[in-house]
file start_35.tsv (TSV, C-alpha atoms)
chain	number	residue	atom	x	y	z
A	1	MET	CA	-45.13	39.51	-11.09
A	2	VAL	CA	-47.73	42.14	-10.22
A	3	ARG	CA	-47.10	44.85	-7.65
A	4	VAL	CA	-49.88	46.65	-5.80
A	5	GLU	CA	-49.48	48.97	-2.85
A	6	ARG	CA	-52.07	50.63	-0.70
A	7	LYS	CA	-51.97	52.96	2.28
A	8	ILE	CA	-54.71	51.63	4.54
A	9	PRO	CA	-56.84	54.46	6.00
A	10	ASN	CA	-55.91	54.78	9.71
A	11	GLY	CA	-53.48	51.92	9.12
A	12	LYS	CA	-50.16	51.30	7.45
A	13	LEU	CA	-48.76	50.88	3.96
A	14	VAL	CA	-49.04	47.39	2.49
A	15	ARG	CA	-47.27	46.41	-0.72
A	16	ILE	CA	-47.53	43.03	-2.40
A	17	ASP	CA	-45.54	41.45	-5.18
A	18	VAL	CA	-47.54	38.50	-6.39
A	19	GLU	CA	-47.28	35.96	-9.18
A	20	PHE	CA	-50.32	34.01	-10.36
A	21	ASN	CA	-50.63	30.64	-12.05
A	22	GLY	CA	-54.07	30.79	-13.60
A	23	GLU	CA	-56.42	31.44	-10.69
A	24	TYR	CA	-53.86	30.29	-8.14
A	25	ILE	CA	-51.37	32.41	-6.25
A	26	ARG	CA	-47.97	31.03	-7.23
A	27	ALA	CA	-45.85	33.23	-4.94
A	28	ILE	CA	-46.37	36.37	-2.88
A	29	LYS	CA	-44.24	38.80	-0.91
A	30	ILE	CA	-45.93	41.18	1.52
A	31	THR	CA	-43.94	44.23	2.60
A	32	GLY	CA	-44.72	47.52	4.30
A	33	ASP	CA	-44.53	49.48	7.53
A	34	PHE	CA	-47.11	47.41	9.40
A	35	PHE	CA	-46.62	45.36	12.57
A	36	MET	CA	-47.17	41.62	12.99
A	37	TYR	CA	-46.67	39.57	16.15
A	38	PRO	CA	-44.68	37.39	16.04
A	39	GLU	CA	-42.76	38.93	13.17
A	40	ASP	CA	-41.51	35.60	11.80
A	41	ALA	CA	-45.12	34.65	10.97
A	42	ILE	CA	-44.90	36.58	7.71
A	43	THR	CA	-42.82	33.81	6.10
A	44	ASN	CA	-45.41	31.14	6.91
A	45	ILE	CA	-48.26	33.35	5.79
A	46	GLU	CA	-46.58	33.97	2.44
A	47	ARG	CA	-45.81	30.25	2.06
A	48	GLU	CA	-49.39	29.20	2.87
A	49	LEU	CA	-50.86	31.76	0.51
A	50	ALA	CA	-49.00	30.10	-2.36
A	51	GLY	CA	-51.46	27.68	-3.91
A	52	VAL	CA	-54.61	29.46	-2.73
A	53	VAL	CA	-57.26	30.06	-5.41
A	54	VAL	CA	-58.15	33.75	-5.64
A	55	SER	CA	-61.88	32.99	-5.40
A	56	GLU	CA	-61.27	31.36	-1.99
A	57	LEU	CA	-59.18	34.19	-0.55
A	58	GLU	CA	-61.90	35.61	1.71
A	59	ARG	CA	-62.49	32.16	3.23
A	60	LYS	CA	-58.88	31.03	3.57
A	61	LEU	CA	-56.97	34.19	4.42
A	62	PRO	CA	-58.41	34.74	7.94
A	63	THR	CA	-57.49	31.16	8.89
A	64	ILE	CA	-53.98	31.49	7.47
A	65	ILE	CA	-53.45	34.73	9.38
A	66	THR	CA	-54.89	33.56	12.70
A	67	ASN	CA	-53.11	30.20	12.53
A	68	ASN	CA	-49.76	31.95	12.21
A	69	CYS	CA	-49.86	35.15	14.18
A	70	GLU	CA	-51.44	36.65	17.24
A	71	GLU	CA	-51.97	40.14	15.95
A	72	VAL	CA	-51.54	42.31	12.89
A	73	ILE	CA	-51.53	46.08	13.26
A	74	GLY	CA	-51.93	48.28	10.21
A	75	PHE	CA	-54.16	46.20	7.94
A	76	SER	CA	-57.04	43.73	8.17
A	77	THR	CA	-57.51	40.41	6.38
A	78	ASP	CA	-60.14	42.14	4.22
A	79	ASP	CA	-57.60	44.80	3.28
A	80	LEU	CA	-55.06	42.17	2.25
A	81	ALA	CA	-57.62	40.13	0.34
A	82	GLY	CA	-58.68	43.28	-1.51
A	83	ILE	CA	-55.10	44.11	-2.46
A	84	ILE	CA	-54.48	40.58	-3.77
A	85	ARG	CA	-57.73	40.72	-5.75
A	86	GLU	CA	-56.68	44.05	-7.24
A	87	ALA	CA	-53.38	42.49	-8.30
A	88	TYR	CA	-55.25	39.58	-9.86
A	89	GLU	CA	-57.50	41.93	-11.81
A	90	ARG	CA	-54.53	43.98	-13.01
A	91	ARG	CA	-52.79	40.83	-14.15
A	92	GLN	CA	-55.74	40.02	-16.45
B	1	MET	CA	-30.26	53.12	43.43
B	2	ASN	CA	-33.27	55.39	43.20
B	3	VAL	CA	-36.64	54.28	44.46
B	4	VAL	CA	-39.74	56.25	43.55
B	5	ASN	CA	-43.25	55.09	44.22
B	6	ASN	CA	-45.36	56.74	41.58
B	7	GLY	CA	-44.95	57.37	37.90
B	8	CYS	CA	-46.12	56.66	34.39
B	9	ILE	CA	-45.59	52.89	34.60
B	10	SER	CA	-46.01	51.15	37.91
B	11	MET	CA	-43.23	48.57	38.27
B	12	THR	CA	-41.80	46.73	41.18
B	13	ASP	CA	-38.91	45.09	39.35
B	14	TYR	CA	-35.41	46.49	39.32
B	15	TRP	CA	-34.45	48.28	36.11
B	16	ARG	CA	-30.98	48.66	34.63
B	17	VAL	CA	-30.38	51.98	32.90
B	18	LEU	CA	-27.70	52.07	30.21
B	19	GLU	CA	-26.55	55.64	29.75
B	20	LEU	CA	-26.31	57.37	26.40
B	21	SER	CA	-23.86	55.62	24.08
B	22	THR	CA	-23.04	55.93	20.39
B	23	TYR	CA	-22.51	53.07	17.95
B	24	ASN	CA	-22.95	52.33	14.29
B	25	ALA	CA	-26.28	50.99	13.05
B	26	ALA	CA	-25.39	47.29	13.09
B	27	MET	CA	-24.06	47.47	16.64
B	28	ASN	CA	-27.01	49.50	17.89
B	29	MET	CA	-29.45	46.87	16.63
B	30	ALA	CA	-27.20	44.05	17.83
B	31	ILE	CA	-27.05	45.45	21.37
B	32	ASP	CA	-30.84	45.64	21.55
B	33	GLU	CA	-31.13	42.00	20.45
B	34	ALA	CA	-28.37	40.82	22.80
B	35	ILE	CA	-30.15	42.46	25.73
B	36	ALA	CA	-33.49	40.93	24.71
B	37	ASN	CA	-31.86	37.49	24.51
B	38	SER	CA	-30.31	37.88	27.97
B	39	ILE	CA	-33.62	38.93	29.47
B	40	ALA	CA	-35.31	35.93	27.83
B	41	LEU	CA	-32.70	33.72	29.50
B	42	GLY	CA	-33.26	35.47	32.82
B	43	THR	CA	-29.65	36.65	33.05
B	44	SER	CA	-30.28	40.39	32.74
B	45	PRO	CA	-32.80	42.72	34.36
B	46	PRO	CA	-35.35	44.85	32.53
B	47	THR	CA	-33.35	47.50	30.74
B	48	ILE	CA	-33.74	51.07	29.55
B	49	ARG	CA	-31.10	52.06	27.05
B	50	PHE	CA	-30.31	55.41	25.38
B	51	TYR	CA	-28.23	55.76	22.25
B	52	THR	CA	-27.29	57.77	19.20
B	53	TRP	CA	-25.95	56.68	15.81
B	54	SER	CA	-22.55	57.32	14.27
B	55	PRO	CA	-22.34	57.51	11.37
B	56	SER	CA	-25.87	58.66	10.55
B	57	ALA	CA	-28.02	55.74	9.45
B	58	VAL	CA	-31.25	54.61	7.90
B	59	SER	CA	-33.14	51.77	9.55
B	60	ILE	CA	-36.03	49.99	7.91
B	61	GLY	CA	-38.83	48.00	9.51
B	62	TYR	CA	-38.73	44.20	9.64
B	63	PHE	CA	-41.34	43.87	6.89
B	64	GLN	CA	-39.90	46.47	4.56
B	65	SER	CA	-37.74	45.97	1.52
B	66	MET	CA	-34.40	47.81	1.62
B	67	ARG	CA	-34.37	48.28	-2.14
B	68	ASP	CA	-37.88	49.74	-2.12
B	69	GLU	CA	-37.31	52.11	0.76
B	70	VAL	CA	-33.69	53.24	0.68
B	71	ASP	CA	-31.37	54.82	-1.89
B	72	VAL	CA	-28.60	52.39	-1.02
B	73	ASP	CA	-26.08	53.93	-3.44
B	74	TYR	CA	-26.59	57.41	-1.99
B	75	CYS	CA	-26.14	56.07	1.54
B	76	MET	CA	-22.96	54.19	0.61
B	77	GLN	CA	-21.50	57.24	-1.13
B	78	HIS	CA	-22.24	59.45	1.87
B	79	ASN	CA	-21.14	57.09	4.64
B	80	ILE	CA	-24.68	56.57	5.90
B	81	ASP	CA	-25.28	53.15	7.47
B	82	ILE	CA	-28.25	51.03	6.50
B	83	VAL	CA	-29.83	48.37	8.68
B	84	ARG	CA	-33.02	46.36	8.96
B	85	ARG	CA	-34.62	46.33	12.39
B	86	ARG	CA	-36.16	43.36	14.20
B	87	THR	CA	-39.23	45.53	14.79
B	88	GLY	CA	-41.90	46.47	12.28
B	89	GLY	CA	-42.78	50.01	11.28
B	90	GLY	CA	-41.31	52.35	8.73
B	91	ALA	CA	-37.96	53.56	7.45
B	92	VAL	CA	-36.23	56.11	9.70
B	93	TYR	CA	-33.30	58.43	9.04
B	94	HIS	CA	-31.17	58.60	12.19
B	95	ASP	CA	-29.10	61.76	12.01
B	96	THR	CA	-25.99	61.45	14.14
B	97	ARG	CA	-26.67	64.77	15.87
B	98	GLY	CA	-30.40	65.02	15.32
B	99	GLU	CA	-32.10	62.50	17.54
B	100	LEU	CA	-32.22	60.61	20.79
B	101	THR	CA	-33.03	56.90	20.52
B	102	TYR	CA	-34.18	54.73	23.40
B	103	SER	CA	-34.91	51.04	23.91
B	104	ILE	CA	-37.02	49.58	26.64
B	105	ILE	CA	-36.56	45.85	26.94
B	106	ALA	CA	-38.34	43.80	29.60
B	107	PRO	CA	-40.33	40.64	30.25
B	108	GLN	CA	-43.60	40.92	28.35
B	109	HIS	CA	-45.70	40.34	31.47
B	110	MET	CA	-44.60	43.71	32.84
B	111	PHE	CA	-46.70	45.44	30.21
B	112	SER	CA	-50.26	45.31	28.97
B	113	ARG	CA	-51.05	42.36	26.70
B	114	ASP	CA	-52.85	44.81	24.46
B	115	ILE	CA	-50.20	46.06	22.07
B	116	ILE	CA	-51.64	49.53	21.44
B	117	HIS	CA	-52.11	49.94	25.18
B	118	SER	CA	-48.50	48.99	25.82
B	119	TYR	CA	-47.38	51.53	23.21
B	120	ARG	CA	-49.45	54.07	25.12
B	121	GLU	CA	-47.84	53.05	28.43
B	122	ILE	CA	-44.28	53.41	27.15
B	123	CYS	CA	-44.89	56.41	24.92
B	124	GLY	CA	-46.64	58.02	27.89
B	125	CYS	CA	-43.24	58.36	29.55
B	126	ILE	CA	-41.90	60.24	26.52
B	127	VAL	CA	-44.98	62.44	26.44
B	128	ASP	CA	-44.45	63.28	30.13
B	129	GLY	CA	-40.75	64.04	29.51
B	130	LEU	CA	-41.56	66.37	26.62
B	131	ARG	CA	-44.26	68.08	28.69
B	132	GLU	CA	-41.70	68.63	31.46
B	133	LEU	CA	-39.75	70.60	28.87
B	134	GLY	CA	-42.82	72.70	28.18
B	135	MET	CA	-44.02	71.02	24.99
B	136	ASN	CA	-47.62	70.24	24.16
B	137	ALA	CA	-46.97	66.52	23.55
B	138	GLU	CA	-49.51	63.76	23.04
B	139	PHE	CA	-49.56	60.08	22.06
B	140	LYS	CA	-50.88	59.47	18.56
B	141	PRO	CA	-51.89	55.85	18.03
B	142	ILE	CA	-50.67	53.58	16.59
B	143	ASN	CA	-47.08	54.37	17.50
B	144	ASP	CA	-46.30	58.08	17.25
B	145	ILE	CA	-45.93	61.07	19.56
B	146	ALA	CA	-46.82	64.55	18.34
B	147	VAL	CA	-46.14	68.05	19.59
B	148	ASN	CA	-48.75	70.61	18.56
B	149	GLY	CA	-50.11	67.99	16.17
B	150	ARG	CA	-46.78	67.34	14.42
B	151	LYS	CA	-44.85	64.08	14.77
B	152	VAL	CA	-41.76	64.26	16.95
B	153	SER	CA	-41.29	60.60	17.84
B	154	GLY	CA	-41.79	57.24	16.13
B	155	ASN	CA	-41.77	53.96	18.05
B	156	ALA	CA	-41.70	50.27	17.19
B	157	GLN	CA	-42.30	47.24	19.36
B	158	SER	CA	-41.39	43.58	19.08
B	159	ARG	CA	-42.44	40.66	21.28
B	160	ARG	CA	-40.33	37.53	21.12
B	161	ASN	CA	-39.59	34.73	23.59
B	162	GLY	CA	-41.63	36.44	26.28
B	163	VAL	CA	-39.67	39.68	25.97
B	164	LEU	CA	-41.04	43.03	24.90
B	165	GLN	CA	-38.64	45.35	23.14
B	166	GLN	CA	-39.70	48.81	22.14
B	167	HIS	CA	-37.32	51.26	20.59
B	168	GLY	CA	-38.05	54.69	19.29
B	169	THR	CA	-36.58	57.99	18.30
B	170	ILE	CA	-37.18	61.49	19.55
B	171	LEU	CA	-36.31	64.06	16.91
B	172	TYR	CA	-34.06	66.74	18.32
B	173	ASP	CA	-33.18	68.47	15.07
B	174	LEU	CA	-34.59	67.92	11.61
B	175	ASP	CA	-32.68	67.44	8.36
B	176	VAL	CA	-35.50	66.66	5.96
B	177	GLU	CA	-33.36	67.20	2.87
B	178	THR	CA	-30.85	64.49	3.84
B	179	MET	CA	-33.67	62.26	5.03
B	180	PHE	CA	-35.24	62.41	1.57
B	181	ARG	CA	-31.91	61.83	-0.15
B	182	CYS	CA	-31.60	58.56	1.78
B	183	LEU	CA	-35.20	57.42	1.44
B	184	LYS	CA	-36.58	56.52	-1.95
B	185	VAL	CA	-39.18	58.75	-3.51
B	186	SER	CA	-40.82	57.11	-6.49
B	187	ASP	CA	-41.00	60.28	-8.58
B	188	GLU	CA	-38.28	62.93	-8.40
B	189	LYS	CA	-40.85	65.58	-9.34
B	190	ILE	CA	-42.77	65.02	-6.15
B	191	ARG	CA	-39.66	65.12	-3.94
B	192	ASP	CA	-40.02	68.87	-3.26
B	193	LYS	CA	-43.72	68.47	-2.50
B	194	MET	CA	-42.99	65.61	-0.12
B	195	ILE	CA	-40.28	67.59	1.63
B	196	SER	CA	-42.67	70.49	2.28
B	197	SER	CA	-45.37	68.07	3.35
B	198	VAL	CA	-43.02	66.37	5.83
B	199	LYS	CA	-41.89	69.76	7.14
B	200	GLU	CA	-45.53	70.50	7.91
B	201	ARG	CA	-46.24	67.11	9.50
B	202	VAL	CA	-42.99	66.54	11.40
B	203	THR	CA	-41.29	68.68	14.00
B	204	SER	CA	-38.35	68.52	16.39
B	205	VAL	CA	-37.61	69.35	19.99
B	206	LYS	CA	-35.40	72.20	18.79
B	207	GLN	CA	-38.28	73.71	16.82
B	208	GLN	CA	-40.71	73.36	19.70
B	209	SER	CA	-38.58	74.38	22.68
B	210	ASN	CA	-35.32	75.89	23.84
B	211	ALA	CA	-34.20	72.60	25.36
B	212	ARG	CA	-30.63	71.52	24.73
B	213	PHE	CA	-29.97	67.88	23.76
B	214	ASP	CA	-28.67	67.04	27.23
B	215	GLU	CA	-31.82	68.53	28.77
B	216	LEU	CA	-33.97	66.39	26.48
B	217	TYR	CA	-32.00	63.29	27.44
B	218	LYS	CA	-32.29	64.09	31.15
B	219	ALA	CA	-36.04	64.74	30.93
B	220	ILE	CA	-36.74	61.53	29.02
B	221	GLN	CA	-34.54	59.44	31.31
B	222	GLU	CA	-36.20	60.85	34.42
B	223	SER	CA	-39.62	60.23	32.98
B	224	PHE	CA	-38.80	56.62	32.04
B	225	CYS	CA	-37.36	55.97	35.49
B	226	LYS	CA	-40.16	57.60	37.45
B	227	GLY	CA	-41.96	55.03	39.57
B	228	LYS	CA	-39.36	52.33	39.01
B	229	ARG	CA	-36.58	50.87	41.13
B	230	TRP	CA	-33.57	51.50	38.96
B	231	GLY	CA	-29.83	52.00	38.81
B	232	TYR	CA	-27.19	52.75	36.21
B	233	GLY	CA	-25.60	49.62	34.79
B	234	GLU	CA	-23.42	48.23	32.04
B	235	LEU	CA	-23.82	45.54	29.42
B	236	THR	CA	-22.69	42.15	30.73
B	237	GLU	CA	-19.70	40.44	29.13
B	238	ASP	CA	-22.06	37.93	27.51
B	239	GLU	CA	-24.17	40.73	26.08
B	240	VAL	CA	-21.10	42.48	24.67
B	241	MET	CA	-19.85	39.26	23.04
B	242	SER	CA	-23.28	38.42	21.70
B	243	ALA	CA	-23.77	41.95	20.36
B	244	ARG	CA	-20.43	41.85	18.55
B	245	GLU	CA	-21.38	38.55	16.91
B	246	LEU	CA	-24.85	39.78	15.95
B	247	SER	CA	-23.41	43.01	14.60
B	248	LYS	CA	-20.95	41.21	12.33
B	249	GLY	CA	-22.95	38.13	11.48
B	250	LYS	CA	-26.50	39.43	11.21
B	251	TYR	CA	-26.95	43.18	11.11
B	252	SER	CA	-24.02	43.79	8.72
B	253	SER	CA	-25.13	41.02	6.36
B	254	SER	CA	-26.99	41.39	3.08
B	255	SER	CA	-28.92	38.22	3.89
B	256	TRP	CA	-30.56	40.05	6.80
B	257	ASN	CA	-30.69	43.63	5.56
B	258	PHE	CA	-31.90	42.75	2.06
B	259	SER	CA	-33.96	39.69	2.91
B	260	ARG	CA	-37.30	41.24	1.87

call {"tool": "encode", "arguments": {"input": "start_35.tsv", "output": "structure tokens"}}
result
Amino acid sequence: MVRVERKIPNGKLVRIDVEFNGEYIRAIKITGDFFMYPEDAITNIERELAGVVVSELERKLPTIITNNCEEVIGFSTDDLAGIIREAYERRQ
Amino acid sequence: MNVVNNGCISMTDYWRVLELSTYNAAMNMAIDEAIANSIALGTSPPTIRFYTWSPSAVSIGYFQSMRDEVDVDYCMQHNIDIVRRRTGGGAVYHDTRGELTYSIIAPQHMFSRDIIHSYREICGCIVDGLRELGMNAEFKPINDIAVNGRKVSGNAQSRRNGVLQQHGTILYDLDVETMFRCLKVSDEKIRDKMISSVKERVTSVKQQSNARFDELYKAIQESFCKGKRWGYGELTEDEVMSARELSKGKYSSSSWNFSR
């Protein structure tokens, strides 16, 4: 399990605990003081991120986010993708 | 009933005002949810609620991890409640004598669809109330209010089942030392630095004015009610029963409070 946290400039703190299986995300937990509407969407987002190949994050993450929630305040999909990538690099 | 025609939010609906009450953390969160559920069912009117916390408590945001944010052992040893909110945002120390908390719970359509704008609408009432007391208050997006550039109020909003719920705190007095005992600081060595940094960034009504707590409460209530049709009310029997169940079954449970 790799943990990375980042305070997004003009945004909120995002912390991830992520486990990789090769290039795939095996499991991820996203915590922090951000806002997401509806709140319950976080569970689906975490579930759908499991199985995503890191090299496809930039393509898949926006769809996963927009399919599950109306709005996120405090971080962007690029921010989250960057944090996951950083965790992947640290894991290597 | 009081009817006023102009104010910080233009509303035509009738608002119920629940006067200042004090509960423990689980019950405070349970009451907010019970009210939101009743409004979603159409059995309760839009509601403005004021409350304090006894014992003192720490609440964490919906997306936060209790173990990451809170020194749970310290809180247990010092009779400080811990609870996870149904709203996002950060961890807050609710001193039993040091803050005024409000909730505004209403059908979503009564507010702007734009979330930041709706924060601005609701926080605008608090800004007006603080200005009435002579403070140089302003809204600081995303969800804060500052006096002379220092944070005095944090706010968090949830939208579920067509109901908007925003609750927030207005700091009356500041106990940064206890706050930092309850909240986790990754490195003990930086605790002192963080305390001085927070003292510079955060302020309280007491530091910024001569207003007593009851004057703060009165000013904020008047500001929230301005421009609305409103009257004092009580929780319905259903809300009380529902709140008791939610308090015991959800907000006191590890499965909720430690679920992230």

call {"tool": "interface_residues", "arguments": {"input": "start_35.tsv", "of": "chain B", "to": "chain A", "cutoff": "7 Å", "atoms": "all atoms listed in the file", "output": "list in words"}}
result
Gly61, Phe63, Gln64, Ser65, Gly88, Gly89, Gly90, Arg159 and Arg160 of chain B

call {"tool": "residues_around", "arguments": {"input": "start_35.tsv", "residues": "A:Ile83", "least_positions_apart": "6", "cutoff": "10 Å", "atoms": "all atoms listed in the file", "output": "list in words"}}
result
Arg3, Val4, Glu5, Arg6, Val14, Arg15, Ile16, Thr77 and Glu89 of chain A

call {"tool": "atom_distance", "arguments": {"input": "start_35.tsv", "atom1": "atom CA of B:Ala243", "atom2": "atom CA of B:Glu33"}}
result
7.4 Å

call {"tool": "residues_near_point", "arguments": {"input": "start_35.tsv", "point": "(-48.4, 34.3, 5.1)", "cutoff": "10 Å", "atoms": "all atoms listed in the file", "output": "MDAnalysis selection string"}}
result
chainID A and resid 28:30 40:50 61 64:65 67:69

call {"tool": "residues_near_point", "arguments": {"input": "start_35.tsv", "point": "(-35.3, 64.1, 34.0)", "cutoff": "12 Å", "atoms": "only C-alpha atoms", "output": "list of chain:residue names"}}
result
B:Cys125, B:Ile126, B:Asp128, B:Gly129, B:Leu130, B:Arg131, B:Glu132, B:Leu133, B:Asp214, B:Glu215, B:Leu216, B:Tyr217, B:Lys218, B:Ala219, B:Ile220, B:Gln221, B:Glu222, B:Ser223, B:Phe224, B:Cys225, B:Lys226

call {"tool": "closest_residue", "arguments": {"input": "start_35.tsv", "among": "B:Ala30, B:Leu100, B:Ala156, B:Ile142", "to": "B:Thr169", "atoms": "all atoms listed in the file"}}
result
B:Leu100

call {"tool": "build_atoms", "arguments": {"input": "start_35.tsv", "residues": "stretch 168-182 of chain B", "atoms": "N, CA and C atoms", "output": "PDB file, in the coordinates of the input"}}
result
ATOM      1  N   GLY B 168     -37.447  53.553  19.961  1.00  0.00           N
ATOM      2  CA  GLY B 168     -38.050  54.690  19.290  1.00  0.00           C
ATOM      3  C   GLY B 168     -37.096  55.858  19.268  1.00  0.00           C
ATOM      4  N   THR B 169     -37.440  56.824  18.447  1.00  0.00           N
ATOM      5  CA  THR B 169     -36.580  57.990  18.300  1.00  0.00           C
ATOM      6  C   THR B 169     -37.349  59.238  18.710  1.00  0.00           C
ATOM      7  N   ILE B 170     -36.613  60.172  19.254  1.00  0.00           N
ATOM      8  CA  ILE B 170     -37.180  61.490  19.550  1.00  0.00           C
ATOM      9  C   ILE B 170     -36.358  62.483  18.740  1.00  0.00           C
ATOM     10  N   LEU B 171     -37.023  63.148  17.817  1.00  0.00           N
ATOM     11  CA  LEU B 171     -36.310  64.060  16.910  1.00  0.00           C
ATOM     12  C   LEU B 171     -35.864  65.286  17.671  1.00  0.00           C
ATOM     13  N   TYR B 172     -34.555  65.526  17.682  1.00  0.00           N
ATOM     14  CA  TYR B 172     -34.060  66.740  18.320  1.00  0.00           C
ATOM     15  C   TYR B 172     -33.903  67.855  17.293  1.00  0.00           C
ATOM     16  N   ASP B 173     -33.359  67.501  16.144  1.00  0.00           N
ATOM     17  CA  ASP B 173     -33.180  68.470  15.070  1.00  0.00           C
ATOM     18  C   ASP B 173     -33.572  67.777  13.773  1.00  0.00           C
ATOM     19  N   LEU B 174     -33.993  68.538  12.797  1.00  0.00           N
ATOM     20  CA  LEU B 174     -34.590  67.920  11.610  1.00  0.00           C
ATOM     21  C   LEU B 174     -33.769  68.257  10.375  1.00  0.00           C
ATOM     22  N   ASP B 175     -33.383  67.230   9.631  1.00  0.00           N
ATOM     23  CA  ASP B 175     -32.680  67.440   8.360  1.00  0.00           C
ATOM     24  C   ASP B 175     -33.480  66.702   7.286  1.00  0.00           C
ATOM     25  N   VAL B 176     -34.578  67.322   6.894  1.00  0.00           N
ATOM     26  CA  VAL B 176     -35.500  66.660   5.960  1.00  0.00           C
ATOM     27  C   VAL B 176     -34.843  66.417   4.616  1.00  0.00           C
ATOM     28  N   GLU B 177     -33.977  67.353   4.188  1.00  0.00           N
ATOM     29  CA  GLU B 177     -33.360  67.200   2.870  1.00  0.00           C
ATOM     30  C   GLU B 177     -32.527  65.915   2.815  1.00  0.00           C
ATOM     31  N   THR B 178     -31.669  65.706   3.828  1.00  0.00           N
ATOM     32  CA  THR B 178     -30.850  64.490   3.840  1.00  0.00           C
ATOM     33  C   THR B 178     -31.736  63.258   3.994  1.00  0.00           C
ATOM     34  N   MET B 179     -32.754  63.382   4.837  1.00  0.00           N
ATOM     35  CA  MET B 179     -33.670  62.260   5.030  1.00  0.00           C
ATOM     36  C   MET B 179     -34.244  61.815   3.677  1.00  0.00           C
ATOM     37  N   PHE B 180     -34.641  62.778   2.854  1.00  0.00           N
ATOM     38  CA  PHE B 180     -35.240  62.410   1.570  1.00  0.00           C
ATOM     39  C   PHE B 180     -34.226  62.005   0.520  1.00  0.00           C
ATOM     40  N   ARG B 181     -32.958  62.357   0.736  1.00  0.00           N
ATOM     41  CA  ARG B 181     -31.910  61.830  -0.150  1.00  0.00           C
ATOM     42  C   ARG B 181     -31.733  60.341   0.119  1.00  0.00           C
ATOM     43  N   CYS B 182     -31.841  59.956   1.395  1.00  0.00           N
ATOM     44  CA  CYS B 182     -31.600  58.560   1.780  1.00  0.00           C
ATOM     45  C   CYS B 182     -32.801  57.667   1.452  1.00  0.00           C
TER      46      CYS B 182
END
